[in-house]
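Source file: upload01.txt (compact mmCIF, C-alpha atoms)
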# COMPACT_ATOMS: atom_id res chain seq x y z
CA MET A 421 104.04 112.50 -25.21
CA ILE A 422 105.89 115.61 -24.13
CA SER A 423 108.26 115.23 -21.22
CA ALA A 424 107.13 116.81 -18.01
CA SER A 425 108.54 120.17 -17.12
CA PHE A 426 110.43 120.65 -13.89
CA LEU A 427 107.45 122.46 -12.37
CA THR A 428 105.14 119.53 -13.16
CA LEU A 429 107.60 117.19 -11.45
CA LEU A 430 107.58 119.37 -8.35
CA HIS A 431 103.79 119.31 -8.31
CA ILE A 432 103.84 115.53 -8.74
CA VAL A 433 106.25 115.10 -5.80
CA LYS A 434 104.18 117.42 -3.60
CA GLU A 435 100.80 115.87 -4.44
CA PHE A 436 101.83 112.22 -4.21
CA PHE A 437 103.88 112.75 -1.07
CA GLN A 438 100.74 114.28 0.47
CA ILE A 439 98.64 111.34 -0.67
CA GLY A 440 101.12 108.94 0.96
CA LEU A 441 101.12 110.97 4.13
CA PHE A 442 97.42 111.66 4.60
CA SER A 443 95.58 108.64 3.26
CA PHE A 444 94.55 106.20 5.96
CA GLY A 445 93.02 102.81 5.31
CA GLY A 446 94.60 101.46 2.15
CA GLY A 447 94.60 102.17 -1.57
CA TYR A 448 90.95 103.12 -1.89
CA ALA A 449 91.50 105.92 0.64
CA THR A 450 93.74 107.61 -1.96
CA LEU A 451 90.87 107.93 -4.46
CA PRO A 452 89.34 111.17 -3.11
CA PHE A 453 92.82 112.76 -3.34
CA LEU A 454 93.25 111.52 -6.91
CA PHE A 455 89.84 112.91 -7.79
CA ASN A 456 90.84 116.30 -6.39
CA LEU A 457 93.89 116.30 -8.65
CA THR A 458 91.59 116.31 -11.69
CA GLN A 459 90.22 119.64 -10.47
CA THR A 460 93.63 121.28 -10.08
CA TYR A 461 95.83 119.79 -12.83
CA ASN A 462 95.29 118.46 -16.32
CA TRP A 463 97.33 115.26 -15.78
CA TYR A 464 94.27 113.10 -16.36
CA ASN A 465 90.49 113.59 -16.38
CA THR A 466 87.77 111.85 -14.36
CA ASN A 467 87.10 109.30 -17.12
CA GLU A 468 90.75 108.34 -17.17
CA LEU A 469 90.69 108.11 -13.37
CA ALA A 470 87.81 105.62 -13.51
CA GLN A 471 89.79 103.60 -16.05
CA MET A 472 92.89 103.76 -13.85
CA ILE A 473 90.97 102.29 -10.92
CA ALA A 474 89.63 99.47 -13.09
CA VAL A 475 93.14 98.68 -14.29
CA ALA A 476 94.62 98.92 -10.80
CA THR A 477 92.27 96.31 -9.41
CA ILE A 478 93.19 93.75 -12.07
CA THR A 479 96.95 94.30 -12.07
CA PRO A 480 99.31 92.92 -9.41
CA GLY A 481 100.37 94.89 -6.37
CA PRO A 482 98.84 97.52 -4.12
CA VAL A 483 96.11 99.51 -5.90
CA GLY A 484 97.56 102.80 -4.61
CA ILE A 485 100.87 102.07 -6.34
CA ASN A 486 99.18 101.11 -9.62
CA VAL A 487 97.20 104.34 -9.64
CA ALA A 488 100.21 106.51 -8.78
CA THR A 489 102.19 104.89 -11.60
CA TYR A 490 99.40 105.35 -14.11
CA ALA A 491 98.78 108.95 -13.05
CA GLY A 492 102.52 109.60 -13.45
CA ILE A 493 102.55 108.11 -16.95
CA LYS A 494 99.54 110.21 -17.93
CA ALA A 495 101.16 113.33 -16.48
CA GLY A 496 104.54 112.95 -18.16
CA GLY A 497 105.88 109.47 -18.89
CA LEU A 498 108.09 106.82 -17.32
CA LEU A 499 110.32 109.09 -15.22
CA THR A 500 107.30 111.00 -13.89
CA ALA A 501 105.64 107.68 -13.05
CA LEU A 502 108.71 106.56 -11.11
CA ILE A 503 108.82 109.85 -9.21
CA ALA A 504 105.08 109.76 -8.46
CA THR A 505 105.30 106.21 -7.12
CA PHE A 506 108.40 106.94 -5.07
CA SER A 507 106.83 110.11 -3.63
CA GLU A 508 103.76 108.18 -2.55
CA VAL A 509 105.83 105.49 -0.80
CA LEU A 510 108.37 107.85 0.79
CA PRO A 511 106.24 108.92 3.81
CA ALA A 512 105.52 105.26 4.57
CA ILE A 513 109.26 104.45 4.44
CA ILE A 514 110.14 107.29 6.81
CA ILE A 515 107.27 106.61 9.22
CA GLY A 516 107.66 102.81 9.00
CA ILE A 517 111.36 102.90 9.86
CA PHE A 518 110.74 105.38 12.67
CA VAL A 519 107.96 103.20 14.13
CA SER A 520 110.14 100.08 13.76
CA LYS A 521 112.92 101.74 15.73
CA LEU A 522 110.43 102.74 18.45
CA LEU A 523 109.01 99.21 18.57
CA LYS A 524 112.48 97.72 18.90
CA LYS A 525 113.43 100.07 21.72
CA PHE A 526 110.12 100.21 23.58
CA SER A 527 108.53 96.83 22.90
CA ASP A 528 108.15 96.28 26.65
CA ASN A 529 106.87 99.78 27.29
CA PHE A 530 103.47 99.94 29.00
CA TYR A 531 102.00 102.44 26.50
CA VAL A 532 103.23 100.59 23.41
CA LYS A 533 101.89 97.30 24.77
CA SER A 534 98.53 98.87 25.65
CA ALA A 535 98.27 100.50 22.21
CA ILE A 536 98.96 97.20 20.39
CA TRP A 537 96.55 95.39 22.73
CA VAL A 538 93.68 97.68 21.70
CA LEU A 539 94.77 98.06 18.06
CA LYS A 540 94.46 94.37 17.26
CA PRO A 541 90.71 93.97 17.89
CA THR A 542 90.09 97.39 16.26
CA SER A 543 92.12 96.35 13.23
CA CYS A 544 90.17 93.08 13.08
CA ALA A 545 86.93 95.11 13.17
CA LEU A 546 88.18 97.28 10.30
CA LEU A 547 89.05 94.18 8.30
CA THR A 548 85.61 92.71 9.01
CA TYR A 549 84.04 95.97 7.83
CA VAL A 550 86.01 95.81 4.57
CA GLY A 551 85.04 92.14 4.24
CA ILE A 552 81.34 92.95 4.62
CA LYS A 553 81.59 95.76 2.03
CA LEU A 554 83.45 93.52 -0.40
CA PHE A 555 81.00 90.67 0.15
CA ILE A 556 78.13 92.99 -0.78
CA THR A 557 79.78 94.34 -3.96
CA ASN A 558 81.56 91.17 -5.14
CA ILE A 559 79.21 88.37 -4.05
CA ALA A 560 75.74 89.58 -3.06
CA ASN A 561 75.46 91.64 -6.27
CA LEU A 562 76.73 88.83 -8.48
CA HIS A 563 73.27 87.61 -9.56
CA ASN A 564 74.81 84.46 -11.00
CA THR A 565 74.24 80.92 -9.70
CA ILE A 566 77.63 79.65 -10.90
CA GLY A 567 79.27 82.56 -9.09
CA TYR A 568 77.49 81.65 -5.86
CA ILE A 569 78.48 77.99 -6.26
CA LEU A 570 82.11 78.98 -6.91
CA PHE A 571 82.06 81.19 -3.81
CA GLY A 572 80.50 78.46 -1.65
CA THR A 573 82.95 75.82 -2.89
CA LEU A 574 86.03 78.00 -2.40
CA LEU A 575 84.81 79.08 1.03
CA THR A 576 84.30 75.47 2.12
CA ILE A 577 87.78 74.53 0.87
CA SER A 578 89.33 77.50 2.67
CA LEU A 579 87.65 76.47 5.94
CA LEU A 580 88.85 72.86 5.65
CA LYS A 581 92.30 73.22 4.15
CA ASN A 582 95.20 75.61 4.12
CA LYS A 583 95.80 76.49 0.50
CA ASP A 584 98.11 79.11 -0.96
CA PRO A 585 96.45 82.42 -1.89
CA LEU A 586 97.79 81.85 -5.43
CA TRP A 587 95.74 78.65 -5.67
CA TYR A 588 92.48 80.54 -5.09
CA ILE A 589 93.44 83.22 -7.60
CA LEU A 590 94.32 80.69 -10.33
CA ILE A 591 91.29 78.46 -9.77
CA SER A 592 88.85 81.35 -9.68
CA GLY A 593 90.45 83.09 -12.67
CA LEU A 594 90.19 79.88 -14.71
CA ALA A 595 86.63 79.32 -13.51
CA GLY A 596 85.80 82.82 -14.76
CA ILE A 597 87.24 82.08 -18.22
CA PHE A 598 85.36 78.75 -18.40
CA ALA A 599 82.16 80.46 -17.33
CA TYR A 600 82.65 82.99 -20.13
CA LYS A 601 83.45 80.28 -22.71
CA LEU A 602 80.34 78.33 -21.72
CA GLY A 603 78.22 81.46 -21.97
CA ILE A 604 77.37 81.54 -18.27
CA ILE A 605 78.67 85.08 -17.96
CA ASN A 606 78.80 87.65 -20.71
CA PHE A 607 79.91 91.23 -21.05
CA SER A 608 77.86 93.31 -23.38
CA MET B 520 118.39 85.66 14.97
CA ASP B 521 121.50 83.53 14.46
CA LYS B 522 121.89 83.78 10.71
CA LYS B 523 121.25 86.90 8.64
CA ILE B 524 118.60 86.60 5.95
CA SER B 525 119.98 87.94 2.66
CA LEU B 526 118.50 91.12 1.23
CA LEU B 527 117.96 89.32 -2.08
CA LYS B 528 115.83 86.69 -0.35
CA ILE B 529 113.76 89.42 1.30
CA PHE B 530 113.36 91.20 -2.05
CA LEU B 531 112.29 87.98 -3.81
CA ALA B 532 109.79 87.00 -1.10
CA PHE B 533 108.12 90.41 -1.37
CA LEU B 534 108.42 90.45 -5.16
CA TYR B 535 106.35 87.25 -5.30
CA SER B 536 103.90 88.54 -2.67
CA GLY B 537 103.43 91.71 -4.72
CA LEU B 538 102.85 89.68 -7.89
CA ILE B 539 100.00 87.62 -6.45
CA LEU B 540 98.49 90.58 -4.59
CA LEU B 541 95.32 91.23 -6.55
CA GLY B 542 92.20 93.13 -5.59
CA GLY B 543 93.49 95.39 -2.85
CA GLY B 544 96.08 95.57 -0.10
CA TYR B 545 94.00 93.84 2.56
CA VAL B 546 94.77 90.49 0.94
CA ILE B 547 98.46 90.97 1.87
CA LEU B 548 97.80 89.34 5.28
CA PRO B 549 96.99 85.80 4.04
CA ILE B 550 99.76 86.12 1.41
CA LEU B 551 102.44 87.04 3.96
CA GLN B 552 101.03 84.45 6.34
CA THR B 553 101.86 81.85 3.68
CA GLU B 554 105.09 83.33 2.30
CA ILE B 555 106.79 84.81 5.38
CA VAL B 556 105.40 82.79 8.30
CA LYS B 557 104.62 79.31 6.94
CA LYS B 558 107.05 78.86 4.05
CA ARG B 559 110.05 80.79 5.37
CA GLY B 560 109.50 81.01 9.13
CA TRP B 561 110.92 84.55 9.25
CA LEU B 562 108.21 85.84 11.58
CA THR B 563 105.77 84.26 13.99
CA SER B 564 102.09 84.47 13.17
CA GLU B 565 101.75 86.66 16.27
CA GLU B 566 104.36 89.17 15.03
CA LEU B 567 102.74 89.37 11.60
CA THR B 568 99.28 90.14 13.00
CA ASP B 569 100.85 92.77 15.31
CA TYR B 570 102.45 94.38 12.26
CA TYR B 571 99.20 94.20 10.35
CA ALA B 572 97.34 96.00 13.14
CA ILE B 573 100.07 98.66 13.32
CA SER B 574 100.11 99.02 9.51
CA GLN B 575 96.41 99.79 9.49
CA SER B 576 96.93 102.60 11.98
CA LEU B 577 99.74 104.25 9.99
CA PRO B 578 99.15 106.53 7.00
CA GLY B 579 99.64 105.15 3.51
CA LEU B 580 99.05 101.78 1.91
CA ILE B 581 98.70 98.78 4.22
CA ALA B 582 100.67 96.42 1.98
CA ILE B 583 103.53 98.92 1.86
CA ASN B 584 103.52 99.57 5.61
CA ILE B 585 103.51 95.90 6.60
CA SER B 586 106.33 95.21 4.10
CA ILE B 587 108.44 97.97 5.65
CA LEU B 588 107.82 96.77 9.22
CA THR B 589 108.60 93.15 8.27
CA GLY B 590 111.68 94.08 6.23
CA TYR B 591 113.00 96.21 9.08
CA LYS B 592 112.50 93.43 11.57
CA LEU B 593 114.49 91.05 9.34
CA ARG B 594 117.40 93.27 8.28
CA GLY B 595 116.93 96.86 9.51
CA VAL B 596 116.66 99.79 7.10
CA LYS B 597 118.16 97.79 4.19
CA GLY B 598 115.65 95.03 4.79
CA ALA B 599 112.80 97.54 4.82
CA LEU B 600 113.96 99.03 1.50
CA SER B 601 114.38 95.57 -0.08
CA ALA B 602 110.87 94.57 0.99
CA VAL B 603 109.22 97.76 -0.25
CA THR B 604 111.06 97.58 -3.59
CA GLY B 605 109.95 93.97 -3.99
CA VAL B 606 106.29 94.52 -3.18
CA THR B 607 105.97 97.57 -5.47
CA PHE B 608 107.99 96.16 -8.40
CA PHE B 609 105.23 94.42 -10.39
CA ALA B 610 102.66 97.05 -9.40
CA PHE B 611 104.83 99.61 -11.16
CA TRP B 612 106.05 97.67 -14.20
CA ALA B 613 102.69 96.03 -14.95
CA ILE B 614 101.15 99.48 -15.33
CA VAL B 615 104.09 100.78 -17.38
CA ALA B 616 103.88 97.75 -19.68
CA LEU B 617 100.12 98.01 -20.09
CA SER B 618 99.83 101.80 -20.22
CA SER B 619 99.66 102.03 -24.01
CA VAL B 620 97.10 99.22 -24.39
CA ILE B 621 95.11 99.89 -21.24
CA THR B 622 91.75 100.37 -22.99
CA GLN B 623 92.09 97.14 -24.97
CA PHE B 624 93.28 95.33 -21.85
CA THR B 625 90.40 96.36 -19.60
CA SER B 626 87.81 95.73 -22.30
CA ASN B 627 89.17 92.28 -23.19
CA ASN B 628 86.56 89.64 -22.37
CA TYR B 629 89.09 87.04 -21.20
CA VAL B 630 90.63 89.54 -18.80
CA LYS B 631 87.16 90.54 -17.62
CA SER B 632 86.03 86.95 -17.11
CA ALA B 633 89.21 85.95 -15.25
CA PHE B 634 88.74 88.92 -13.00
CA TRP B 635 85.08 88.04 -12.51
CA GLY B 636 86.39 84.89 -10.81
CA ILE B 637 89.28 86.57 -9.01
CA GLU B 638 86.89 89.04 -7.34
CA ILE B 639 85.22 86.02 -5.76
CA ALA B 640 88.61 84.69 -4.57
CA VAL B 641 89.47 88.07 -3.06
CA VAL B 642 86.45 87.78 -0.74
CA ILE B 643 87.62 84.29 0.32
CA LEU B 644 91.11 85.67 1.05
CA ILE B 645 89.65 88.52 3.10
CA ILE B 646 87.62 85.98 5.10
CA SER B 647 90.86 84.03 5.78
CA ALA B 648 92.51 87.27 6.87
CA ILE B 649 89.62 88.04 9.26
CA ARG B 650 89.84 84.53 10.76
CA GLU B 651 93.59 84.89 11.19
CA MET B 652 93.25 88.29 12.86
CA TRP B 653 90.35 87.05 14.99
CA GLN B 654 92.35 84.16 16.44
CA LYS B 655 95.21 86.48 17.36
CA SER B 656 93.26 89.48 18.58
CA ILE B 657 89.97 88.40 20.14
CA VAL B 658 91.27 86.54 23.17
CA ASP B 659 88.83 87.45 25.95
CA ILE B 660 85.63 89.34 26.73
CA LYS B 661 87.38 92.75 26.75
CA THR B 662 88.85 92.37 23.27
CA LEU B 663 85.49 91.06 22.02
CA VAL B 664 83.80 94.19 23.37
CA ILE B 665 86.37 96.45 21.64
CA TYR B 666 85.86 94.55 18.37
CA THR B 667 82.08 94.73 18.54
CA ILE B 668 81.94 98.44 19.42
CA ALA B 669 84.45 99.37 16.69
CA LEU B 670 82.59 97.30 14.07
CA ILE B 671 79.19 98.76 14.98
CA ILE B 672 80.58 102.32 14.77
CA MET B 673 82.05 101.61 11.32
CA LEU B 674 78.84 100.03 10.03
CA LEU B 675 76.48 102.69 11.36
CA THR B 676 78.45 105.91 10.96
CA ASN B 677 80.66 107.56 8.37
CA ILE B 678 83.48 108.28 10.81
CA SER B 679 86.86 107.84 9.12
CA PRO B 680 88.80 104.70 10.15
CA ALA B 681 91.73 106.93 11.12
CA ILE B 682 89.61 108.67 13.78
CA ILE B 683 88.24 105.36 15.07
CA ILE B 684 91.77 103.93 15.36
CA LEU B 685 93.06 107.05 17.10
CA CYS B 686 90.17 107.06 19.59
CA SER B 687 90.60 103.36 20.27
CA ILE B 688 94.32 103.86 21.05
CA PHE B 689 93.53 106.65 23.54
CA LEU B 690 90.66 104.77 25.15
CA GLY B 691 92.71 101.55 25.28
CA ILE B 692 95.68 103.22 26.96
CA GLY B 693 93.31 105.04 29.32
CA TYR B 694 91.64 101.77 30.24
CA LYS B 695 95.00 100.05 30.85
CA LEU B 696 96.12 102.97 33.04
CA ILE B 697 93.01 102.70 35.20
CA GLU B 698 93.50 98.95 35.39
CA ARG B 699 97.11 99.47 36.48
CA MET B 700 96.12 102.04 39.11
CA ARG B 701 93.69 99.56 40.57
CA GLY B 702 96.59 97.14 40.77
CA GLN B 703 94.99 94.49 38.62
CA ILE B 704 98.03 93.80 36.44
Rewrite the structure of this file - the entire thing - as structure tokens.
Amino acid sequence: MISASFLTLLHIVKEFFQIGLFSFGGGYATLPFLFNLTQTYNWYNTNELAQMIAVATITPGPVGINVATYAGIKAGGLLTALIATFSEVLPAIIIGIFVSKLLKKFSDNFYVKSAIWVLKPTSCALLTYVGIKLFITNIANLHNTIGYILFGTLLTISLLKNKDPLWYILISGLAGIFAYKLGIINFS
Amino acid sequence: MDKKISLLKIFLAFLYSGLILLGGGYVILPILQTEIVKKRGWLTSEELTDYYAISQSLPGLIAINISILTGYKLRGVKGALSAVTGVTFFAFWAIVALSSVITQFTSNNYVKSAFWGIEIAVVILIISAIREMWQKSIVDIKTLVIYTIALIIMLLTNISPAIIILCSIFLGIGYKLIERMRGQI
């Protein structure tokens, strides 16, 4: 892999800073931007982008960070990946610290209080919307009885007990491997 | 806060949260609820849901935004940087480590089958996050109306969440101003 030229690095900083600044609504909101990059640069093609997204969802951490790292590696290597990731996070650091300072200073301010008051139910609605979408893609389209049983069981447990998120991830991951071993699910 | 929380502790808490964050940033809420509120008692549940709502209305990744807000609350700018470094650490190094074998990794049947299960768990975690947010945000008829209208708009139209959030902030402040003028507060 050839090391990225200085110009490429500048483009990487510019593009990923923009992605960090203009994408609203989480990692998946960055995807249209990443798609546009395939039209302008030859860092990666659309097939590689699809692969990146698949990898990002099954690796730890925010999907947006995974994709920025992978795009950086494709575009030039480890240093480029580090710069791409940092550029994507930088706007959030600047804005987050600025907002934190405002919150600290104006937490009793009428406008701040009113904004938070209305943001919470709106944010809950947005989360519900994401939940519905995810339910349709991950559960309703499963077409697998064992999958439905696993979902029902885990849901019941989550309603009755407070378990660590890690517990659900481990149990369901193991259940998936068992289901594969027993031939209940297959990938062909 | 009587005693300062060390930056290393903040980094480690977010490092772990980043490690078990699978299937999208929305799942960060139940994770931080467990790690930051229940296990460590660094924030109240109320503060965390406030930060979550604010994080959704800021540009960028939700998991990153909420880590910065939480880190700042705990230890200022240094705390924010520790938290964001922690939560991104595994996201970055996992990809670097896997980058040369990515095709083999994603086509491995054990990886696929484990993730088949994890995708189910992600939905459960989102449902927990919705319940958590619901308890903290839907407190009366007014907030229920806001929730219902926002959800219906999202389900029926293609309007970007950013626009919906922006409009809701303006309408909410407008409503509170009218309420104040009428002397109801």
Have a look at A:Pro585, A:Ile473, A:Ala495, A:Phe598 and name the one nearest to Ile547 of chain B; count only C-alpha atoms.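 Among the listed residues, the smallest separation from Ile547 of chain B belongs to A:Pro585.
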Quick check, in Å to one decimal: how far apart do atom CA of Val642 of chain B and atom CA of Ile589 of chain A lie? 10.8 Å
Shortest interatomic distance to chain A - which of B:Trp561, B:Gly598, B:Pro549, B:Ile529, counting all atoms listed in the file: B:Pro549
Long-range neighbours of segment 568-573 of chain A as JSON, numbers by chain, 9 Å cut-off, all atoms listed in the file, 3 positions minimum in chain: {"A": [559, 560, 562, 563, 564, 565, 576, 577, 578, 592, 595], "B": [636, 639, 640, 642, 643]}
Please compute the atom CA of Ile587 of chain B-atom CA of Lys521 of chain A distance, one decimal, in Å.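 Rounded to one decimal, the two atoms are 11.7 Å apart.
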Can you pull out every residue within 7 Å of segment 531-546 of chain B, counting only C-alpha atoms, but drop anything in the same chain fewer than 3 positions away, and send it as a ChimeraX atom specification? /A:446-447,477-483,586 /B:527-528,549-551,554,581-582,602,605-609,638,641,644-645
Which distance in Å separates atom CA of Ala599 of chain A and atom CA of Asn627 of chain B, to one decimal? 14.9 Å
Radius query 8 Å about (87.0, 97.2, 20.4), atoms used: all atoms listed in the file, as a ChimeraX atom specification: /A:538,541-542,545 /B:661-670,687
